[in-house]
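Visitor: Sending over a structure as structure tokens; questions will come in a sec.
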Amino acid sequence: MHDMVGVLDRFQEEKVSIHLVETSDSLILEQERTLCTKPSEFLEGLPHVRYNKTRSGIDVYWYRSVDDVPDDRFSVFVANEFLDALPIHQFRRNEKGSWSEVYVNLDSKGQLCFMLSKSENLHTKGLIPESVRNDKTLEEWEISPASGTFVNQIAERMCSHGGFALLVDYGHNNDRKDLSLRAYHNHKVVSPLERCGEQDLTADVNFGHLKSLVEDRTKVFGPVDQREFLAQMGIGIRLRKLVEQLKTRDQQEALIKSYNMLMSEEGMGTKFKAMAMYPRTLENILQKRGGPAGFASNDAREAETEEK
């Protein structure tokens, strides 16, 4: 958001406000220190829990839930590594073809462990689609109802009052066949049941499933690999300009290393996906343009290359 504010300032955008959804008080304070010059106070009795202004004077509001964000205006929704932090349900199919839910329980030593429900339950019956049940190649499946609620919320808002959305996260296009819940500690993958509260939990976002939930109301582009999205957005040109501006070789090498982390298969280039959502009313316009920036179709890119 700090980078986005810098772009808004450069283009002298004035009719804009920032609305951040954050459940952690400590992260709200960190965000405020990053964006604003002076601290504010937590508020009670209002939809927003904190209010301030950026260094350039843009209004910033903090909310506990998307439900509390005003829904009466044109909005641009940006969810960058937001969906992967939302809760998931995990399921496994047994040799008889029925499904069990993966629970967290205590073992005989009082340590957290995973276990399976003895039989089908409310969640296996209500959350597993028929397409998954009918796909015999799937023995494991996971879903985030909270993520589904979120994309439905923003779909309703953009269709009612205008806007669009950009979602960027670890994820896949409904083609992952195993469970993805994992934890990171000191940049290494560890058990998600260890050091609870002291390490980063994440799960891959099923963009294909989320897309299916909103395609009746929105025009969805993607998901595409992050490196494809960033390449179309001109990251290569941006890299060259920044490298030319840096004074030392160490600074240049650090920037190139960061670029490689964003773009390479070993880094985030293919592990991260990007997906965009627009109101269906804009479909014809977007199709004529070959898709929005970052999501241009192959035909559109080839036509543009021929014109140049």
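We label chains A, B, ... in the order they appear in the structure tokens, count residues from 1 in each chain, and number ligands from 1 in the order shown.
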Mind listing the helix (DSSP H, G or I) residues of region 77-218 of chain A, per DSSP on the backbone, as a VMD selection string?
Guide: chain A and resid 83 to 85 122 to 127 130 to 134 145 to 161 207 to 214
Visitor: Please compute the CA of Phe229 (chain A)-CA of Gly148 (chain A) distance, one decimal, in Å.
Guide: 22.9 Å
Visitor: Could you check the closest approach to Val5 (chain A) for each of A:Lys109, A:Arg93, A:Lys38, A:Arg55 and tell me which residue wins, using only C-alpha atoms?
Guide: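 Checking each of A:Lys109, A:Arg93, A:Lys38, A:Arg55 against Val5 (chain A), counting only C-alpha atoms, the winner is A:Arg55.
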Visitor: Quick one: DSSP strand (DSSP E) residues in region 115-252 of chain A, as a PyMOL selection string?
Guide: chain A and resi 115-116+140-143+163-172+182-185+188-190+200-202+205-206+218-225
Visitor: If you count only C-alpha atoms, which residues fall within 10 Å of Arg240 (chain A), apart from same-chain ones fewer than 4 positions away, as number ranges by chain?
Guide: A: 235-236, 244-245, 252, 256
Visitor: May I ask which of the residues A:Phe150, A:Arg249, A:Gly197, A:Ala296 is the closest one to Phe221 (chain A), counting only C-alpha atoms?
Guide: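 Smallest separation from Phe221 (chain A) among the options: A:Ala296.
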Visitor: Using only C-alpha atoms, which of the listed residues (A:Ser131, A:Ser56, A:Ser119, A:Ser26) sits closest to Glu13 (chain A)?
Guide: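 Result for the nearest residue to Glu13 (chain A): A:Ser56.
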Visitor: So, counting only C-alpha atoms, which residue among A:Leu167, A:Val60, A:Leu83, A:Met277 is closest to Glu215 (chain A)?
Guide: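 For Glu215 (chain A), the nearest of the given residues is A:Met277.
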Visitor: Take CA of Asp204 (chain A) and CA of Asn134 (chain A) and report the distance between them in Å, one decimal.
Guide: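 Answer for the CA of Asp204 (chain A) to CA of Asn134 (chain A) separation: 22.3 Å.
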Visitor: Looking at only C-alpha atoms, which of A:Asp72, A:Glu142, A:Glu30, A:Asp59 is the one that sits closest to Lys15 (chain A)?
Guide: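 Nearest to Lys15 (chain A): A:Asp59.
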Visitor: Write out as a ChimeraX atom specification each polymer residue whose atoms come within 12 Å of Asn186 (chain A), counting only C-alpha atoms; drop sequence neighbours fewer than 3 positions from it.
Guide: /A:183,189-190,198-200
Visitor: Just the selected residues (N, CA, C and O atoms), exported as a short mmCIF file (atom, residue, chain, number, x, y, z; two decimals), in the first residue's frame, please.
Guide:
data_model
loop_
_atom_site.label_atom_id
_atom_site.label_comp_id
_atom_site.auth_asym_id
_atom_site.auth_seq_id
_atom_site.Cartn_x
_atom_site.Cartn_y
_atom_site.Cartn_z
N ALA A 183 3.50 -24.49 7.29
CA ALA A 183 3.95 -23.39 8.14
C ALA A 183 5.40 -23.06 7.80
O ALA A 183 6.16 -23.93 7.34
N VAL A 189 10.06 -24.65 5.75
CA VAL A 189 8.76 -25.29 5.93
C VAL A 189 8.82 -26.22 7.14
O VAL A 189 9.72 -27.08 7.23
N VAL A 190 7.87 -26.06 8.06
CA VAL A 190 7.81 -26.87 9.27
C VAL A 190 6.38 -27.34 9.49
O VAL A 190 5.46 -26.95 8.76
N GLU A 198 3.56 -18.74 16.66
CA GLU A 198 4.90 -18.18 16.49
C GLU A 198 5.43 -18.33 15.07
O GLU A 198 6.57 -17.99 14.79
N GLN A 199 4.61 -18.89 14.17
CA GLN A 199 5.07 -19.08 12.79
C GLN A 199 3.94 -18.79 11.81
O GLN A 199 2.78 -18.69 12.19
N ASP A 200 4.33 -18.65 10.57
CA ASP A 200 3.40 -18.22 9.52
C ASP A 200 2.69 -19.42 8.91
O ASP A 200 3.34 -20.31 8.36
#
Visitor: For Leu282 (chain A), list every protein, DNA or RNA residue within 12 Å, evaluated using only C-alpha atoms, and leave out those in the same chain fewer than 6 positions away; present the list as a PyMOL selection string.
Guide: chain A and resi 158-159+162-164+217-220+288-289+291-292
Visitor: Show which residues sit within 10 Å of Asn94 (chain A), as a PyMOL selection string. Count only C-alpha atoms, and ignore same-chain residues fewer than 6 positions away.
Guide: chain A and resi 100+119+139-140
Visitor: Can you tell me which residues surround region 270-274 of chain A at a distance of at most 10 Å, considering only C-alpha atoms, apart from same-chain residues fewer than 5 positions away, and format the answer as a PyMOL selection string?
Guide: chain A and resi 79-81+166-173+204-207+221-230+262-265+294-295
